[in-house]
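Working notes, structure below.
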Amino acid sequence: MSSNQRPAGQAPATAPAPAMAPAADPAPEPGPVAGAAALVRMQGVTKSFGSFTAVESVDLDLRAGEFFSLLGPSGCGKSTLLRMIAGFEEPTRGTIAIDGRPMAEVAPNRRPTNMVFQSYAIFPHLNVADNIAFGLRSPGQSLSRTEIAARVDEMLATVGLGGLGQRGANELSGGQRQRVALARALILRPKVLLLDEPLSALDKKLREQMQIELRRLQRQVGITFLMVTHDQYEAMTISDRCGVMFGGRLAQVASPKELYQRPVTRQVAEFIGGINFLSGRVSARDAESASVEVKGFGTVTMPTEPAIPAAGGQITLGLRPERFYLAPERPAETEVAAAATVEDFAFYGETIHYYLRLDGYDAPVIAAVTNFQRAAHFAPGDRLFAGFRGRALVALP
Amino acid sequence: MMRRLASGVLPIYALLYLAFLYLPILFLPLFSFNDSKILAFPMSGFTTKWYAALGHETQLLNALGNSIIVGLFSTVFATAIGSLTARAITRYRFPLRRSSQALQMAPLVMPEVIVAVSLLIMFLSLGLSLSLFTVALAHVLVTIPYSISIMTSAFEQFDDSLEEAAIDLGEGEWGALRRVTLPVVAPGIVSSLLVGFTVSFDEFIMAFFLTGTEPTLPVYIWSQVRFPAKLPIVLALGTLLILASLALLLAAEYFRRRSLRLSAVQEGVPIA
Amino acid sequence: MGQGRVARGIALDRQARRGLMLTAPGTLYVALMVLGPAALAVAYSFWTQTYVTLDRTPTLANFREIATDPLYRTLILRSVIVAGLVTFLTVLLAYPVAYYIAFHVYRRKALWLLLVSIPFWTSYLLRVFSWKLVLGYNGVLNSALIWLGVIDKPLEWILFDVNAVVLTLTHAWAPFAILPIFVSLEKIDRSLLEAAKDLGEGPFRAFFRVVLPLSMPGVIGATLIIFIPTVGDYVTPALVGGSEGAMVANLIQVQFGKANNWPLGAALAICAMLCVTIAALAAAALLRFLGRRIR
């Protein structure tokens, strides 16, 4: 949590960036960073192409040294936002400042940002070392041959490509290409590294391995990483914070845990993992807690949230599948429970998903059960009880 | 039935067709070594004297020089123009994109004689006298379509983010062009230059109508075809020309494949 | 990612300026070298020439002469018929080869394509010239057959005439037919054929109902690319056409050469161009119609 207090752009290369808050408490989302502490500040950023608005009034601050992911379905405007920070697109309205300096008049080749392209854009006519050294030989750089060679060697070691400097660009595997792209961008020591779907070209196994690698690299170099991805699991595993975008708008900015546990809209809730929607009516509410009568289940107590209306109001409640408790008899550990019929199930190895028909509900709900944890294995047609605790519920507007 | 047709008759037909394509051309080299001025069977004996005689034909050597000059000029200009057009149509959307492409490809399918006489009318109306320069202007016109199609396929393989990456890494637009775009499409450019040269080198109609007192090689050959005494020498010359065209074509093909191989990398297909 | 593409697709100003700037040299050059001369040729066709003086009074005299003189009509008509015949034969002969390469050659595809296209890269003049050696009363073919004892006196049908022109042109244009047809055949999704078979179509019906219609764009492309230039071909009739095989291009050349009647030559060029355009459009429309009908 200390990264935002560090002077902007002064991240020491060796200091390990702090991990996200340990899982214990539901870490409250730190408010917007004040003043100069924001490394990248976007205010009212809008981008229109003709009559189509790709990005609409986005306000977003990135902190020095954090790993931030922009998450959203394809076409939501996240890549356009990234390209505006890089300088490849100009905002139609709004401002982008990096380290307090407005970027409006700054050409992409003069910005303190570097990018890892989705295709990696490895220069096919250059070998690995020359690819990595490319930026060091650009105008405005005045390094001697030996300095360049030293920096390249250091970078090769950092990304785990030591000894491969003379490899041709067409002799690299997918993972190696990604490392070259990273090294080539990081060698210029940008204030912000922009990553456009950096893992989408890799197969699943390699992708998971590179996620860990990316995270390690980011901590090692201490540079702010801004990654665009459509894969919520990827964003959640790597990032300190995520921003979720839909239709050009930023719907929520939060830590992965917060995003999962306290989504602010149905859209976010559905995009980040699976969720069930239950309907309810508020029967009482005070500053601390609220009593909600959940259709088909009964009355539960949950912490008061802004989205909970006054007593008497209708409310949509989100419940993650794994928060259900299933038992042949009414489960003792839950506040409320309802009778349901198993319609179908899907076996995922470590978890089993049950599709349940709740009495009084049209659509089936999904309950995820850890495979080993409960001996409760059900078959389609079985009657059972599904219950949960009030604090597992999320109030959604 | 159909399967038997496909596996039995089709390959034989295809081979016969190839024979039909190549046989007539093979008579040129065959009779160029024949020790007789009469081009008929039976052949009379092996000789290389017609090839030796080539060196003494000053007019022929001049014509060869003219063709090389015209070829170099045409292919350089056509490749430059074709590369710009190809870049524009592969990278940008702009008004009249399709029509300007169609216009520039049109010389490929226009009756040559009609184009040639129209150009003749225009050059003389403009007060240009016929020379190798007027021939070269026309050859640029007929070479542009070839250059556009070769460069279009080169640029289609080109990943635009390569240029953005260069700029992102601090290069200017010219630097990106010089350090990335040109080297990556260089095989395509070489291929276009070679093909353009071949097209101009073999072109006859434009040169026939538009040349002044300096003939290109095909025009020279045309003037010799009518003299039976000269025929064997023309055969020897023709054989060499076909070999030259073949060499240029194979070189162009080599470079074209190299450009495909270079760009295959960007598709994320490692070829190691 | 998709966003970037969309971005490039819709932003007009900078893109449009760049695109126009880059195509400008080519567009201007070709416009100047094609449209300019064409306009001048049209102007010339309405003028008249008497010996050395050019009379710029607009008149339809040239067109009247072309319409009334049977020689001109014959030549223009012959050019269109020869070109049509050559196109038909070339496409017909080339189709099976393209089909073979597309569907029955697996590993050596590139080699076959190279073999088919190499002749195209040898000088057109020399290719036609080689036929001049082969054909004719005392040509290579007749002398060889006599020498081998197959015949005792020269064959008559290979004399220099219209037949020789058609044969030579069919040979000269072969790669132009094979390549576009091959490309369109290659694009056909193989699973379509399996689907047709799966639906109980016999191989012949599958060919006529699936392959042939889908390859029509290639056939149309080949037709246009062969027909249009062939109408105006000069070299072949001049070398192997003899006195009976002359075509309109030879006539135009005479007007610009010996006869020195440029206005008449220009009028002939324009008439030829008109015939070409009409015939080509008609052929393309017919093929498209057939392609749709077959299904």
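Letters A, B, ... go to the chains of the structure tokens in the order shown; residues in each chain start at 1; ligands are counted from 1 in the same order.
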**Request:** Taking only C-alpha atoms into account, report as a PyMOL selection string which residues of chain C lie within 6 Å of chain B.
**Result:** chain C and resi 15-16+19+22-23+26-27+30+37-38+41+97+122-123+130+140+143-144+225+229+232+269
**Message:** With only C-alpha atoms as the counted atoms, please give the residues lying no more than 12 Å from range 279-287 of chain C, apart from itself and same-chain residues fewer than 2 positions off, as a ChimeraX atom specification.
**Reply:** /B:109-110 /C:77,79-81,83-84,87-88,212-231,272-277,289-294
**Message:** I need the chain A residues near chain C as JSON, numbers by chain; criterion: at most 7 Å, counting only C-alpha atoms.
**Reply:** {"A": [49, 50, 74, 75, 77, 79, 80]}
Could you take the residues named above and write them with all heavy atoms, as an mmCIF file, in the first residue's frame?
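What follows is the written file out.cif:
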```cif
data_model
loop_
_atom_site.group_PDB
_atom_site.id
_atom_site.type_symbol
_atom_site.label_atom_id
_atom_site.label_comp_id
_atom_site.auth_asym_id
_atom_site.auth_seq_id
_atom_site.Cartn_x
_atom_site.Cartn_y
_atom_site.Cartn_z
ATOM 1 N N PHE A 49 -14.661 8.359 -33.040
ATOM 2 C CA PHE A 49 -14.316 8.158 -34.441
ATOM 3 C C PHE A 49 -15.594 8.407 -35.213
ATOM 4 O O PHE A 49 -16.484 7.568 -35.204
ATOM 5 C CB PHE A 49 -13.814 6.741 -34.677
ATOM 6 C CG PHE A 49 -12.578 6.404 -33.893
ATOM 7 C CD1 PHE A 49 -12.640 5.550 -32.812
ATOM 8 C CD2 PHE A 49 -11.355 6.959 -34.237
ATOM 9 C CE1 PHE A 49 -11.500 5.237 -32.094
ATOM 10 C CE2 PHE A 49 -10.215 6.647 -33.521
ATOM 11 C CZ PHE A 49 -10.293 5.791 -32.444
ATOM 12 N N GLY A 50 -15.663 9.553 -35.858
ATOM 13 C CA GLY A 50 -16.919 9.896 -36.520
ATOM 14 C C GLY A 50 -18.030 9.940 -35.485
ATOM 15 O O GLY A 50 -17.910 10.589 -34.458
ATOM 16 N N SER A 74 -14.011 -7.234 -25.737
ATOM 17 C CA SER A 74 -13.384 -6.600 -26.892
ATOM 18 C C SER A 74 -14.311 -5.520 -27.439
ATOM 19 O O SER A 74 -15.529 -5.654 -27.420
ATOM 20 C CB SER A 74 -13.050 -7.636 -27.959
ATOM 21 O OG SER A 74 -14.232 -8.224 -28.422
ATOM 22 N N GLY A 75 -13.688 -4.413 -27.847
ATOM 23 C CA GLY A 75 -14.462 -3.293 -28.352
ATOM 24 C C GLY A 75 -14.937 -2.349 -27.265
ATOM 25 O O GLY A 75 -15.716 -1.438 -27.529
ATOM 26 N N GLY A 77 -13.101 -0.223 -25.666
ATOM 27 C CA GLY A 77 -12.367 1.036 -25.675
ATOM 28 C C GLY A 77 -11.065 0.991 -24.895
ATOM 29 O O GLY A 77 -10.336 1.972 -24.843
ATOM 30 N N SER A 79 -8.245 -0.660 -25.474
ATOM 31 C CA SER A 79 -7.046 -0.513 -26.294
ATOM 32 C C SER A 79 -6.895 0.910 -26.794
ATOM 33 O O SER A 79 -5.791 1.430 -26.894
ATOM 34 C CB SER A 79 -7.094 -1.463 -27.489
ATOM 35 O OG SER A 79 -6.744 -2.762 -27.094
ATOM 36 N N THR A 80 -8.025 1.530 -27.110
ATOM 37 C CA THR A 80 -7.967 2.918 -27.568
ATOM 38 C C THR A 80 -7.412 3.813 -26.464
ATOM 39 O O THR A 80 -6.598 4.702 -26.724
ATOM 40 C CB THR A 80 -9.371 3.389 -27.993
ATOM 41 O OG1 THR A 80 -9.887 2.450 -28.926
ATOM 42 C CG2 THR A 80 -9.313 4.767 -28.613
#
```
Which residues of chain A sit at most 9 Å from chain B, using only C-alpha atoms? Give each one's shortest atom pair and distance in Å (one decimal place), in chain and ascending residue order, as CSV.
```
residue,atom,partner,partner_atom,distance
A:Ala86,CA,B:Asp168,CA,7.5
A:Gly87,CA,B:Asp168,CA,8.6
A:Phe88,CA,B:Glu164,CA,7.8
A:Pro108,CA,B:Asp168,CA,5.9
A:Asn109,CA,B:Gly170,CA,4.2
A:Arg110,CA,B:Gly170,CA,6.3
A:Arg111,CA,B:Asp168,CA,8.1
A:Thr113,CA,B:Asp168,CA,7.7
A:Asn114,CA,B:Asp168,CA,5.9
A:Met115,CA,B:Asp168,CA,6.7
A:Val116,CA,B:Ala165,CA,8.2
A:Phe117,CA,B:Ser161,CA,7.1
A:Gln118,CA,B:Ser161,CA,8.7
A:Ser119,CA,B:Gln266,CA,6.8
A:Tyr120,CA,B:Gln266,CA,7.9
A:Ala121,CA,B:Leu162,CA,4.9
A:Ile122,CA,B:Gln266,CA,7.0
A:Phe123,CA,B:Leu162,CA,6.6
A:Pro124,CA,B:Leu262,CA,5.9
A:His125,CA,B:Val184,CA,6.1
A:Phe134,CA,B:Leu169,CA,7.1
A:Gly135,CA,B:Leu169,CA,4.6
A:Leu136,CA,B:Leu169,CA,8.2
A:Arg137,CA,B:Glu171,CA,8.7
A:Ser138,CA,B:Glu171,CA,5.3
A:Pro139,CA,B:Glu171,CA,6.4
A:Gly140,CA,B:Gly170,CA,8.0
A:Gln141,CA,B:Gly170,CA,8.9
A:Ala169,CA,B:Val265,CA,7.3
A:Asn170,CA,B:Val265,CA,5.4
A:Glu171,CA,B:Ala272,CA,4.5
A:Leu172,CA,B:Pro270,CA,6.0
A:Ser173,CA,B:Pro270,CA,6.0
A:Gly174,CA,B:Gly268,CA,6.7
A:Arg177,CA,B:Gly268,CA,8.5
A:Arg184,CA,B:Leu169,CA,8.1
A:Ala185,CA,B:Leu169,CA,7.1
A:Leu188,CA,B:Leu169,CA,7.8
A:Ala201,CA,B:Gly268,CA,7.8
```
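Counting only C-alpha atoms, range 325-328 of chain A has the following residues at most 6 Å away, ignoring those fewer than 2 positions along the same chain: Pro331, Leu384, Phe385, Ala386, Gly387 and Phe388 of chain A.
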**Request:** Enumerate the residues of range 188-275 of chain C with a DSSP assignment of alpha helix (DSSP H), computed from the backbone, and present them as number ranges by chain.
**Result:** C: 190-198, 203-206, 212-214, 216-231, 235-240, 248-256, 262-275
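Residues of range 113-261 of chain A carrying a DSSP assignment of strand (DSSP E), computed from the backbone, are Thr113, Asn114, Met115, Val116, Val192, Leu193, Leu194, Leu195, Asp196, Thr224, Phe225, Leu226, Met227, Val228, Thr229, Arg241, Cys242, Gly243, Val244, Met245, Phe246, Arg249, Leu250, Ala251, Gln252, Val253 and Ala254 of chain A.
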**Message:** To one decimal place in Å, what is the distance between CA of Ser239 in chain A and CA of Phe67 in chain A?
**Reply:** 5.0 Å
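We find CA of Lys78 in chain A and CA of Arg101 in chain A to be spaced 22.2 Å apart.
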**Item:** Interatomic distance (Å, one decimal) between CA of Gln49 in chain C and CA of Thr213 in chain B
**Value:** 25.1 Å
For Met210 in chain A, work out the shell of residues within 8 Å, counting only C-alpha atoms and skipping chain neighbours fewer than 3 positions away, then give it as a short mmCIF file (atom, residue, chain, number, x, y, z; two decimals) with N, CA, C and O atoms, in the first residue's frame.
```
data_model
loop_
_atom_site.label_atom_id
_atom_site.label_comp_id
_atom_site.auth_asym_id
_atom_site.auth_seq_id
_atom_site.Cartn_x
_atom_site.Cartn_y
_atom_site.Cartn_z
N GLY A 175 6.92 -17.49 -26.24
CA GLY A 175 7.31 -16.90 -24.96
C GLY A 175 8.56 -16.05 -25.08
O GLY A 175 8.66 -14.98 -24.48
N LEU A 199 -0.54 -11.36 -23.46
CA LEU A 199 -0.47 -12.81 -23.30
C LEU A 199 -1.44 -13.54 -24.22
O LEU A 199 -1.49 -14.76 -24.23
N LEU A 206 1.56 -21.68 -21.14
CA LEU A 206 2.58 -20.65 -21.22
C LEU A 206 2.05 -19.33 -20.68
O LEU A 206 2.75 -18.56 -20.04
N ARG A 207 0.75 -19.10 -20.92
CA ARG A 207 0.14 -17.85 -20.48
C ARG A 207 0.20 -17.75 -18.96
O ARG A 207 0.57 -16.73 -18.40
N GLU A 213 5.62 -14.51 -14.36
CA GLU A 213 6.86 -13.88 -14.83
C GLU A 213 6.70 -12.36 -14.94
O GLU A 213 7.53 -11.59 -14.50
N LEU A 214 5.57 -11.94 -15.54
CA LEU A 214 5.30 -10.51 -15.71
C LEU A 214 5.25 -9.82 -14.35
O LEU A 214 5.80 -8.74 -14.16
#
```
